[in-house]
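So this one's final07.txt, compact mmCIF, C-alpha atoms:
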# COMPACT_ATOMS: atom_id res chain seq x y z
CA MET A 7 27.18 199.16 78.18
CA THR A 8 28.39 199.05 81.72
CA GLU A 9 30.90 196.53 83.07
CA GLU A 10 28.12 194.87 85.06
CA SER A 11 26.10 194.11 81.92
CA ALA A 12 29.03 193.13 79.66
CA PRO A 13 32.12 192.32 81.70
CA THR A 14 35.45 192.16 79.95
CA GLU A 15 37.64 189.04 80.12
CA ASP A 16 39.88 190.68 82.75
CA ALA A 17 36.86 191.74 84.81
CA SER A 18 35.50 188.19 84.65
CA LEU A 19 38.80 186.84 85.90
CA VAL A 20 38.83 189.30 88.79
CA ARG A 21 35.25 188.39 89.63
CA LEU A 22 36.08 184.66 89.61
CA LEU A 23 39.06 185.26 91.86
CA GLY A 24 36.83 187.23 94.21
CA LEU A 25 34.42 184.31 94.40
CA ALA A 26 37.31 181.93 95.05
CA PHE A 27 38.64 184.09 97.89
CA ALA A 28 35.19 184.17 99.45
CA GLY A 29 35.85 180.57 100.45
CA ALA A 30 39.65 180.40 100.62
CA ASP A 31 42.72 182.22 101.94
CA LEU A 32 45.00 181.04 99.14
CA VAL A 33 44.23 179.80 95.64
CA PHE A 34 46.88 178.20 93.45
CA GLU A 35 47.28 175.99 90.42
CA ILE A 36 49.64 173.05 89.85
CA ASP A 37 50.75 171.28 86.70
CA ASN A 38 50.76 167.55 86.08
CA ASP A 39 54.02 167.19 88.04
CA GLY A 40 52.71 169.01 91.10
CA VAL A 41 54.62 172.23 90.40
CA ILE A 42 52.83 175.46 91.36
CA VAL A 43 52.28 177.60 88.24
CA PHE A 44 50.00 180.24 89.77
CA ALA A 45 49.34 181.46 93.33
CA LEU A 46 47.39 184.34 94.80
CA GLY A 47 46.24 185.16 98.30
CA ALA A 48 47.36 185.07 101.92
CA ALA A 49 50.28 182.78 101.18
CA GLU A 50 52.58 184.37 103.73
CA ARG A 51 50.15 183.71 106.56
CA LEU A 52 49.75 180.06 105.52
CA THR A 53 53.24 179.22 104.32
CA GLY A 54 55.59 181.96 105.51
CA ARG A 55 56.31 182.95 101.91
CA PRO A 56 54.65 185.49 99.57
CA ASP A 57 52.44 184.05 96.85
CA LYS A 58 54.86 184.95 94.04
CA ALA A 59 57.60 182.95 95.78
CA LEU A 60 55.46 179.82 95.58
CA VAL A 61 55.46 179.70 91.78
CA GLY A 62 57.86 177.00 90.57
CA LYS A 63 57.77 175.15 93.91
CA ASP A 64 56.47 171.62 94.48
CA TRP A 65 53.03 171.88 96.08
CA ALA A 66 54.08 169.16 98.51
CA SER A 67 56.42 171.71 100.12
CA LEU A 68 53.35 173.52 101.51
CA PHE A 69 52.34 170.49 103.57
CA ASN A 70 53.65 168.21 106.26
CA PRO A 71 55.60 165.26 104.75
CA SER A 72 52.97 162.96 106.29
CA GLU A 73 50.53 164.26 103.64
CA SER A 74 52.66 162.99 100.74
CA ALA A 75 50.57 159.91 99.96
CA LEU A 76 47.34 161.93 100.00
CA LEU A 77 48.74 164.61 97.68
CA THR A 78 49.98 161.98 95.24
CA ARG A 79 46.60 160.27 95.23
CA LEU A 80 44.73 163.55 94.63
CA ARG A 81 46.99 164.54 91.78
CA ARG A 82 46.85 161.16 90.06
CA ASP A 83 43.26 160.09 90.59
CA LEU A 84 41.20 163.25 90.21
CA ALA A 85 39.10 162.93 87.07
CA THR A 86 38.28 165.83 84.74
CA GLY A 87 35.43 167.89 86.19
CA GLU A 88 35.84 166.25 89.62
CA ARG A 89 36.21 168.06 92.95
CA ARG A 90 37.55 166.75 96.27
CA GLY A 91 37.40 168.48 99.62
CA PRO A 92 37.31 170.41 101.73
CA MET A 93 39.56 168.15 103.79
CA ARG A 94 41.73 168.93 106.77
CA VAL A 95 45.47 168.72 106.08
CA ASP A 96 48.61 169.42 108.09
CA LEU A 97 50.78 172.27 106.87
CA ALA A 98 54.58 172.21 106.67
CA PRO A 99 56.13 172.88 110.10
CA ARG A 100 57.37 176.44 110.68
CA MET A 101 59.45 178.12 113.36
CA ALA A 102 56.96 180.91 114.08
CA SER A 103 55.04 180.22 117.27
CA ASN A 104 51.78 181.56 115.84
CA ALA A 105 52.07 179.73 112.52
CA PRO A 106 48.99 177.67 111.63
CA THR A 107 49.52 173.91 111.71
CA GLY A 108 46.48 172.87 109.71
CA ALA A 109 44.20 174.10 106.97
CA SER A 110 41.35 173.00 104.73
CA LEU A 111 42.26 171.88 101.20
CA SER A 112 39.97 171.62 98.17
CA VAL A 113 41.05 170.55 94.68
CA PHE A 114 39.24 170.72 91.35
CA ARG A 115 40.22 169.63 87.84
CA LEU A 116 38.61 172.05 85.40
CA PRO A 117 37.98 170.59 81.93
CA GLN A 118 39.31 173.80 80.34
CA LEU A 119 42.68 173.50 82.12
CA GLY A 120 43.67 170.06 80.91
CA SER A 121 46.01 168.33 83.35
CA LYS A 122 46.33 171.33 85.66
CA LEU A 123 44.75 171.17 89.11
CA SER A 124 43.01 174.13 90.79
CA CYS A 125 43.55 174.23 94.57
CA ALA A 126 42.21 176.29 97.47
CA LEU A 127 43.55 176.49 101.02
CA SER A 128 41.58 177.95 103.91
CA LEU A 129 42.37 178.27 107.58
CA SER A 130 38.80 177.25 108.37
CA SER A 131 38.30 173.52 108.81
CA PRO A 132 35.45 171.20 107.82
CA THR A 133 35.61 169.78 111.36
CA GLY A 134 35.96 172.96 113.39
CA GLY A 135 39.64 172.23 113.88
CA TYR A 136 38.90 168.88 115.52
CA PRO A 137 42.14 166.81 115.45
CA PHE A 138 42.10 163.34 113.92
CA ALA A 139 44.29 160.84 115.76
CA ARG A 140 46.12 158.77 113.12
CA ASP A 141 48.51 155.84 113.28
CA ALA A 142 51.93 155.69 111.60
CA SER A 143 50.35 154.74 108.25
CA GLY A 144 47.78 157.55 108.45
CA PHE A 145 44.66 155.54 109.29
CA THR A 146 42.25 157.24 111.66
CA SER A 147 41.84 155.51 115.01
CA VAL A 148 38.41 153.93 115.59
CA ASP A 149 37.74 156.15 118.61
CA SER A 150 38.79 159.32 116.80
CA PHE A 151 36.74 158.28 113.77
CA ALA A 152 33.59 157.83 115.85
CA ARG A 153 34.01 161.11 117.76
CA SER A 154 34.92 163.15 114.69
CA THR A 155 31.92 161.82 112.80
CA GLU A 156 29.64 163.77 115.15
CA TYR A 157 31.19 167.04 113.98
CA LEU A 158 30.99 166.08 110.31
CA LEU A 159 27.38 164.90 110.53
CA GLU A 160 26.35 168.20 112.10
CA GLU A 161 28.19 170.13 109.39
CA ALA A 162 26.56 168.01 106.69
CA ARG A 163 23.15 168.57 108.28
CA GLN A 164 23.62 172.33 108.12
CA ALA A 165 24.75 172.06 104.49
CA GLY A 166 21.81 169.83 103.55
CA LEU A 167 24.06 166.90 102.58
CA VAL A 168 23.36 163.20 103.02
CA LEU A 169 26.24 161.04 104.21
CA SER A 170 26.79 157.32 104.45
CA LEU A 171 29.09 155.05 106.40
CA ASP A 172 30.86 152.75 103.95
CA LEU A 173 32.40 149.57 105.32
CA VAL A 174 35.17 148.16 103.12
CA GLU A 175 36.67 144.69 103.38
CA VAL A 176 39.86 143.71 101.53
CA ARG A 177 40.11 139.99 102.19
CA GLY A 178 43.62 138.63 102.46
CA LEU A 179 45.20 142.08 102.66
CA ARG A 180 47.25 141.35 105.77
CA ASP A 181 48.59 138.11 104.28
CA ARG A 182 49.33 139.87 101.01
CA LEU A 183 51.28 142.64 102.75
CA ALA A 184 53.16 140.13 104.92
CA GLN A 185 54.72 138.67 101.78
CA LEU A 186 56.17 142.03 100.72
CA PRO A 187 59.38 143.67 101.93
CA PRO A 188 58.57 145.90 104.94
CA GLU A 189 59.10 149.15 103.02
CA ASP A 190 56.83 148.00 100.17
CA ALA A 191 54.17 146.84 102.62
CA GLU A 192 54.20 150.19 104.39
CA GLU A 193 54.00 152.03 101.07
CA ALA A 194 50.94 149.95 100.14
CA ARG A 195 49.27 150.75 103.48
CA GLN A 196 49.94 154.45 103.02
CA SER A 197 48.56 154.28 99.50
CA LEU A 198 45.39 152.61 100.79
CA GLN A 199 44.87 155.15 103.55
CA ALA A 200 45.39 157.95 101.02
CA VAL A 201 42.65 156.46 98.81
CA LEU A 202 40.23 156.29 101.73
CA ARG A 203 41.11 159.76 102.93
CA ALA A 204 40.84 161.38 99.50
CA ASP A 205 37.41 159.83 99.05
CA SER A 206 36.13 160.59 102.55
CA TYR A 207 33.96 163.49 103.64
CA GLY A 208 35.99 166.24 105.27
CA GLY A 209 39.19 164.24 104.79
CA LEU A 210 38.38 162.20 107.88
CA GLY A 211 39.92 159.16 106.22
CA GLY A 212 39.45 155.51 106.92
CA ALA A 213 39.49 153.72 110.25
CA GLU A 214 40.97 150.24 110.42
CA VAL A 215 38.26 148.44 112.38
CA GLY A 216 39.66 144.92 112.16
CA VAL A 217 41.85 142.63 110.09
CA ASP A 218 41.40 143.65 106.43
CA ARG A 219 38.39 145.85 107.37
CA PHE A 220 37.99 149.61 107.10
CA ALA A 221 35.28 152.22 107.71
CA ILE A 222 34.92 155.47 105.78
CA MET A 223 32.30 158.23 105.78
CA ARG A 224 31.39 159.61 102.35
CA SER A 225 28.74 161.52 100.51
CA SER A 226 25.84 159.21 99.74
CA GLU A 227 26.08 160.38 96.13
CA ALA A 228 29.70 159.27 95.77
CA PRO A 229 29.78 156.25 93.43
CA PRO A 230 31.06 153.07 95.12
CA GLU A 231 32.70 151.84 91.91
CA ARG A 232 35.37 154.53 92.00
CA LEU A 233 36.30 153.76 95.60
CA LEU A 234 36.46 150.01 94.99
CA GLN A 235 38.60 150.49 91.89
CA SER A 236 41.03 152.80 93.71
CA VAL A 237 41.26 150.47 96.73
CA GLY A 238 41.96 147.52 94.43
CA ALA A 239 44.71 149.44 92.63
CA ALA A 240 46.29 150.58 95.90
CA THR A 241 46.38 147.03 97.27
CA GLY A 242 47.91 145.35 94.25
CA GLY A 243 44.82 144.10 92.52
CA ALA A 244 42.78 142.90 95.51
CA ILE A 245 39.00 142.69 95.06
CA PRO A 246 37.40 144.71 97.90
CA GLU A 247 33.80 144.46 99.07
CA LEU A 248 31.70 147.41 100.18
CA SER A 249 28.54 147.82 102.26
CA ARG A 250 26.82 151.15 102.80
CA MET A 251 25.00 152.38 105.89
CA PRO A 252 22.92 155.53 105.25
CA LEU A 253 23.27 158.18 107.96
CA ASP A 254 20.46 160.52 108.97
CA CYS A 255 22.12 163.91 109.47
CA ALA A 256 19.14 165.05 111.53
CA ALA A 257 19.71 162.30 114.10
CA THR A 258 23.42 162.51 114.82
CA SER A 259 23.44 160.75 118.18
CA ARG A 260 21.34 157.85 116.87
CA ASN A 261 23.66 157.51 113.87
CA MET A 262 26.63 157.35 116.16
CA ARG A 263 25.10 154.64 118.32
CA THR A 264 24.07 152.55 115.33
CA MET A 265 27.44 153.02 113.66
CA ARG A 266 29.39 152.05 116.79
CA LEU A 267 27.21 148.98 117.26
CA ALA A 268 27.71 147.88 113.64
CA LEU A 269 31.48 148.27 113.95
CA ASP A 270 31.58 146.51 117.32
CA ARG A 271 29.50 143.63 116.02
CA PHE A 272 31.74 143.21 113.00
CA ILE A 273 34.91 143.29 115.07
CA GLU A 274 33.56 140.86 117.67
CA ALA A 275 32.17 138.40 115.14
CA GLY A 276 35.61 137.70 113.69
CA GLY A 277 35.65 134.85 111.20
CA ASP A 278 31.87 134.51 111.19
CA ALA A 279 31.53 138.08 110.01
CA ALA A 280 34.22 137.58 107.38
CA ALA A 281 32.25 134.65 106.00
CA ALA A 282 28.96 136.53 106.01
CA GLY A 283 30.41 139.81 104.74
CA PHE A 284 29.92 143.42 105.80
CA SER A 285 26.50 143.66 104.21
CA ASP A 286 24.92 141.11 106.52
CA THR A 287 26.36 142.77 109.63
CA VAL A 288 25.20 146.23 108.58
CA ALA A 289 21.77 145.03 107.46
CA ARG A 290 21.23 143.17 110.72
CA THR A 291 22.26 146.18 112.79
CA LEU A 292 19.94 148.52 110.90
CA ARG A 293 17.13 145.97 111.09
CA ASP A 294 17.60 145.42 114.83
CA SER A 295 17.80 149.17 115.49
CA SER A 296 14.59 149.83 113.58
CA ARG A 297 12.85 146.89 115.24
CA PHE A 298 13.66 148.09 118.73
CA ARG A 299 12.56 151.66 117.96
CA ASP A 300 9.21 150.22 116.87
CA ILE A 301 9.02 148.15 120.07
CA VAL A 302 9.49 151.24 122.22
CA GLU A 303 7.16 153.49 120.22
CA GLN A 304 4.36 150.89 120.03
CA SER A 305 4.95 149.22 123.42
CA GLY A 306 5.50 146.04 121.47
CA PHE A 307 6.52 143.89 124.43
CA GLN A 308 4.82 141.83 127.09
CA LEU A 309 5.38 141.77 130.84
CA ALA A 310 5.46 138.49 132.70
CA TYR A 311 4.77 138.91 136.43
CA GLN A 312 6.91 136.51 138.42
CA PRO A 313 5.88 136.06 142.09
CA VAL A 314 8.59 136.65 144.69
CA VAL A 315 7.86 134.72 147.92
CA SER A 316 9.54 134.36 151.29
CA LEU A 317 11.25 130.96 151.60
CA GLU A 318 10.76 131.18 155.35
CA THR A 319 7.00 131.82 155.43
CA GLY A 320 5.93 131.05 151.86
CA ARG A 321 4.07 134.36 151.71
CA LEU A 322 3.97 136.45 148.56
CA HIS A 323 6.03 139.64 148.88
CA HIS A 324 5.67 141.16 145.42
CA PHE A 325 5.70 140.43 141.69
CA GLU A 326 8.70 141.13 139.48
CA ALA A 327 7.84 142.42 135.99
CA LEU A 328 9.97 140.67 133.35
CA ALA A 329 9.96 141.94 129.80
CA ARG A 330 9.34 139.45 127.01
CA PHE A 331 9.80 140.21 123.32
CA SER A 332 9.07 136.74 121.93
CA PRO A 333 7.90 133.53 123.57
CA ASP A 334 10.96 131.38 122.86
CA THR A 335 13.94 133.72 123.27
CA SER A 336 15.69 135.36 126.20
CA PRO A 337 15.21 139.13 126.46
CA ALA A 338 18.88 139.61 127.42
CA GLU A 339 20.11 140.22 123.88
CA THR A 340 17.38 142.77 123.16
CA ILE A 341 18.05 144.59 126.44
CA GLN A 342 21.74 144.73 125.60
CA LEU A 343 20.87 146.08 122.15
CA ALA A 344 18.76 148.80 123.80
CA GLU A 345 21.69 149.78 126.02
CA ASP A 346 24.13 149.74 123.10
CA LEU A 347 21.81 152.01 121.10
CA ASP A 348 21.28 154.27 124.14
CA MET A 349 17.53 153.64 123.85
CA ILE A 350 17.14 151.79 127.13
CA GLN A 351 15.82 154.85 128.98
CA ALA A 352 12.83 155.10 126.62
CA PHE A 353 12.17 151.39 127.07
CA ASP A 354 12.45 151.57 130.88
CA LEU A 355 9.95 154.43 130.96
CA SER A 356 7.54 152.45 128.79
CA VAL A 357 7.83 149.45 131.14
CA VAL A 358 7.16 151.57 134.23
CA ARG A 359 4.11 153.15 132.56
CA SER A 360 2.73 149.66 131.88
CA ILE A 361 3.36 148.61 135.49
CA VAL A 362 1.64 151.73 136.86
CA ARG A 363 -1.44 150.93 134.73
CA GLU A 364 -1.40 147.35 136.05
CA LEU A 365 -1.10 148.52 139.68
CA GLU A 366 -4.10 150.81 139.20
CA ALA A 367 -6.14 147.80 138.05
CA GLN A 368 -5.02 145.43 140.82
CA PRO A 369 -5.93 145.21 144.55
CA ARG A 370 -4.13 147.68 146.82
CA SER A 371 -2.14 144.83 148.33
CA THR A 372 -0.38 144.15 144.99
CA ARG A 373 3.21 145.30 144.68
CA ILE A 374 5.24 145.10 141.46
CA ALA A 375 8.96 145.60 140.88
CA ALA A 376 10.36 147.17 137.71
CA ASN A 377 13.94 146.59 136.56
CA LEU A 378 15.73 149.81 135.61
CA SER A 379 19.04 149.94 133.77
CA ALA A 380 21.79 151.76 135.64
CA HIS A 381 22.43 153.45 132.30
CA SER A 382 18.91 154.92 132.33
CA LEU A 383 19.23 156.12 135.92
CA MET A 384 22.26 158.27 135.09
CA ILE A 385 20.63 160.07 132.14
CA ASP A 386 19.54 163.63 132.89
CA GLY A 387 15.78 163.95 133.27
CA PHE A 388 15.06 160.23 133.51
CA LEU A 389 14.47 160.22 137.26
CA GLU A 390 12.10 163.19 137.04
CA GLU A 391 10.00 161.36 134.42
CA ILE A 392 9.79 158.24 136.61
CA LEU A 393 8.71 160.27 139.63
CA GLY A 394 6.18 162.11 137.51
CA LEU A 395 4.38 158.85 136.72
CA VAL A 396 3.42 158.37 140.41
CA SER A 397 3.52 161.96 141.64
CA ASP A 398 -0.26 162.13 142.20
CA SER A 399 -0.60 158.85 144.12
CA ARG A 400 1.09 158.09 147.40
CA ASP A 401 -0.49 154.63 147.25
CA LEU A 402 1.18 153.84 143.92
CA ARG A 403 4.53 155.05 145.20
CA ARG A 404 4.24 152.57 148.09
CA ARG A 405 3.39 149.68 145.75
CA LEU A 406 5.95 150.36 143.01
CA ILE A 407 9.39 148.80 143.59
CA LEU A 408 12.37 149.86 141.46
CA GLU A 409 15.34 147.54 141.05
CA ILE A 410 18.52 148.73 139.35
CA THR A 411 20.13 146.12 137.10
CA GLU A 412 23.86 145.48 136.87
CA THR A 413 24.15 145.12 133.10
CA ARG A 414 26.10 148.37 132.88
CA LYS A 415 28.79 149.65 135.22
CA ILE A 416 28.04 152.90 137.07
CA GLN A 417 30.94 155.32 136.73
CA ASP A 418 29.76 158.11 139.05
CA LEU A 419 28.85 156.32 142.28
CA ASP A 420 28.30 159.54 144.28
CA ARG A 421 25.70 160.78 141.79
CA ALA A 422 24.10 157.34 141.64
CA ASN A 423 23.77 157.30 145.44
CA SER A 424 22.11 160.71 145.39
CA LEU A 425 19.61 159.61 142.74
CA ILE A 426 18.80 156.38 144.59
CA ALA A 427 18.28 158.34 147.81
CA LEU A 428 15.84 160.60 145.96
CA LEU A 429 13.95 157.55 144.66
CA ARG A 430 13.68 156.18 148.19

Write out the structure in this file as structure tokens.
Amino acid sequence: MTEESAPTEDASLVRLLGLAFAGADLVFEIDNDGVIVFALGAAERLTGRPDKALVGKDWASLFNPSESALLTRLRRDLATGERRGPMRVDLAPRMASNAPTGASLSVFRLPQLGSKLSCALSLSSPTGGYPFARDASGFTSVDSFARSTEYLLEEARQAGLVLSLDLVEVRGLRDRLAQLPPEDAEEARQSLQAVLRADSYGGLGGAEVGVDRFAIMRSSEAPPERLLQSVGAATGGAIPELSRMPLDCAATSRNMRTMRLALDRFIEAGGDAAAAGFSDTVARTLRDSSRFRDIVEQSGFQLAYQPVVSLETGRLHHFEALARFSPDTSPAETIQLAEDLDMIQAFDLSVVRSIVRELEAQPRSTRIAANLSAHSLMIDGFLEEILGLVSDSRDLRRRLILEITETRKIQDLDRANSLIALLR
């Protein structure tokens, strides 16, 4: 029989190594103490040392000291048959100017290898090399977390994965840490960030979004119980709470807007949010987002036409169209929600379409003003769509008035002036 039909044990090992190298530059194995017992691959490129020289070394020596808490957490917490990664890690500093500073790490505990840990390092990154800004304890900044999520969602979309945004609250954590000696408190914070990072997709880690509150992006299939148990152990027996926001990998920008709004709402609500819990904040954000999408798609709003008259003569000048979503509430909160979700341009277009239909049905002396968000005006293509609604009627152009609201600050005044001049 040929080797292909009945491979020997050595041939099988070579084949497995070949498969491993298809996704990694260096594969190695560590024992229960973190000592490297096997290494093979482009070690010199990654570490400055040949692979044989790595055997007997602490695996922590391959990485920046800032990764110590993460490495400890991976080695201690990884269950048999469990895999973590790939996650971006910082390599140990080297003198060579062209030495890589970061790599992608994956770890796997094979049942057949007992306490040993199989590891793979690759110069490719799960985030395209995008840097994560972290604080002294290793938590990802909120801004970096939000921006980096875009890269990870796109990668997950291409891989066919479903991700979720998990919001974790550890009530009383700050007070608990304040009672510890500073070095113990900092060790506990580093242990917590290592838990969140080890459990996060792409090693993005957790963002501290408020007092005792953290955000983490994970696979939707990752069990919440494991994360809660690890967070509780890292924080000295605290009982954390978790709420999950599913993310649609096919709608990255919408995910980002909804996620940012949920985080902002939770931060701004302060004590009220702490009393209600993460779940209520997330559920309300998702509910409001879905409700407004339905409003836009189904034109589920009414327009009230308020007459605008001259105080000097008492003569009617025009009507101002005011959007109403329910009889007894102000539309301001819904309009702000639309701007926060970056959906205001679709709503503004829907309003103008309704006004154009009304103008066509009214006497030629009727003039109606539409309020447009400054945010909508600055979006590419929006102005062209507005102009297209009245392109075939000079009469409608004369009777349609456009007023730009001041709910959002205009950053590029020169461009805004050019667009307004075009409207005129």

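When only C-alpha atoms are used to compute distances to Ala244 in chain A, the closest of the residues A:Arg177, A:Arg82, A:Arg297, A:Arg224 turns out to be A:Arg177.
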
Nearest candidate to Phe69 in chain A (options A:Asp37, A:Glu156, A:Ala109, A:Ala30; using all atoms listed in the file): A:Ala109

Tell me which of A:Ser74, A:Thr107, A:Asn423, A:Ser356 sits closest to Arg299 in chain A, counting all atoms listed in the file. A:Ser356

Using Å and a single decimal, report how far CA of Ser206 in chain A sits from CA of Arg89 in chain A. 12.2 Å

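Those residues that approach Ala85 in chain A to within 12 Å, counting only C-alpha atoms, are Arg79, Leu80, Arg81, Arg82, Asp83, Gly87, Glu88, Arg89, Arg90, Val113, Phe114, Arg115, Leu116, Pro117, Gly120, Ser121, Lys122, Leu123 and Arg232 of chain A; same-chain residues fewer than 2 positions away are not listed.
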
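Of the residues listed (A:Ala240, A:Gln185, A:Leu378, A:Leu365), A:Leu365 shows the shortest atom-to-atom separation from Arg404 in chain A; distances use only C-alpha atoms.
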
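Taking CA of Ile426 in chain A and CA of Ser397 in chain A as endpoints, the distance between them is 16.5 Å.
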
Provide an axis-aligned box for all listed atoms of range 173-191 of chain A, padding each side by 3 Å; report its centre and its edge lengths in Å to one decimal, as lines of an AutoDock Vina configuration file.
center_x = 45.9
center_y = 143.8
center_z = 103.0
size_x = 33.0
size_y = 17.5
size_z = 11.6

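What separates CA of Ser371 in chain A from CA of Ser305 in chain A is a distance of 26.3 Å.
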
For the point (22.9, 160.0, 135.8) in file coordinates, what residues are within 12 Å, counting only C-alpha atoms? Give the answer as a PDB file with C-alpha atoms, in the frame of the given file?
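Result written to selection_0.pdb:
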ATOM      1  CA  GLN A 351      15.820 154.850 128.980  1.00  0.00           C
ATOM      2  CA  SER A 379      19.040 149.940 133.770  1.00  0.00           C
ATOM      3  CA  ALA A 380      21.790 151.760 135.640  1.00  0.00           C
ATOM      4  CA  HIS A 381      22.430 153.450 132.300  1.00  0.00           C
ATOM      5  CA  SER A 382      18.910 154.920 132.330  1.00  0.00           C
ATOM      6  CA  LEU A 383      19.230 156.120 135.920  1.00  0.00           C
ATOM      7  CA  MET A 384      22.260 158.270 135.090  1.00  0.00           C
ATOM      8  CA  ILE A 385      20.630 160.070 132.140  1.00  0.00           C
ATOM      9  CA  ASP A 386      19.540 163.630 132.890  1.00  0.00           C
ATOM     10  CA  GLY A 387      15.780 163.950 133.270  1.00  0.00           C
ATOM     11  CA  PHE A 388      15.060 160.230 133.510  1.00  0.00           C
ATOM     12  CA  LEU A 389      14.470 160.220 137.260  1.00  0.00           C
ATOM     13  CA  GLU A 390      12.100 163.190 137.040  1.00  0.00           C
ATOM     14  CA  LYS A 415      28.790 149.650 135.220  1.00  0.00           C
ATOM     15  CA  ILE A 416      28.040 152.900 137.070  1.00  0.00           C
ATOM     16  CA  GLN A 417      30.940 155.320 136.730  1.00  0.00           C
ATOM     17  CA  ASP A 418      29.760 158.110 139.050  1.00  0.00           C
ATOM     18  CA  LEU A 419      28.850 156.320 142.280  1.00  0.00           C
ATOM     19  CA  ASP A 420      28.300 159.540 144.280  1.00  0.00           C
ATOM     20  CA  ARG A 421      25.700 160.780 141.790  1.00  0.00           C
ATOM     21  CA  ALA A 422      24.100 157.340 141.640  1.00  0.00           C
ATOM     22  CA  ASN A 423      23.770 157.300 145.440  1.00  0.00           C
ATOM     23  CA  SER A 424      22.110 160.710 145.390  1.00  0.00           C
ATOM     24  CA  LEU A 425      19.610 159.610 142.740  1.00  0.00           C
ATOM     25  CA  ILE A 426      18.800 156.380 144.590  1.00  0.00           C
TER      26      ILE A 426
END

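Counting only C-alpha atoms, the residue from A:Thr155, A:Ser150, A:Thr86, A:Ser236 that sits nearest to Ser124 in chain A is A:Thr86.
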
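Each of A:Gln235, A:Gln196, A:Thr319, A:Thr241 was checked against Gly212 in chain A using all atoms listed in the file; the smallest atom-to-atom distance is that of A:Gln196.
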
Excluding same-chain residues fewer than 6 positions from Val174 in chain A, what lies within 8 Å of it counting all atoms listed in the file, as a list in words? Arg219, Phe220, Ala221, Ile222, Pro246, Glu247, Leu248, Ser249 and Phe284 of chain A

Might you pull out every residue within 9 Å of Leu402 in chain A, with all atoms listed in the file counted and same-chain residues fewer than 2 positions away left off, and present them as a ChimeraX atom specification? /A:362,365-366,370,373,396-400,404-406

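Shell of Arg51 in chain A at 12 Å, with all atoms listed in the file counted and residues fewer than 6 places along the chain excluded, is A:Asp31, A:Leu32, A:Asp57, A:Leu68, A:Leu97, A:Arg100, A:Ala102, A:Asn104, A:Ala105, A:Pro106, A:Thr107, A:Gly108, A:Ala109, A:Leu127, A:Ser128, A:Leu129.
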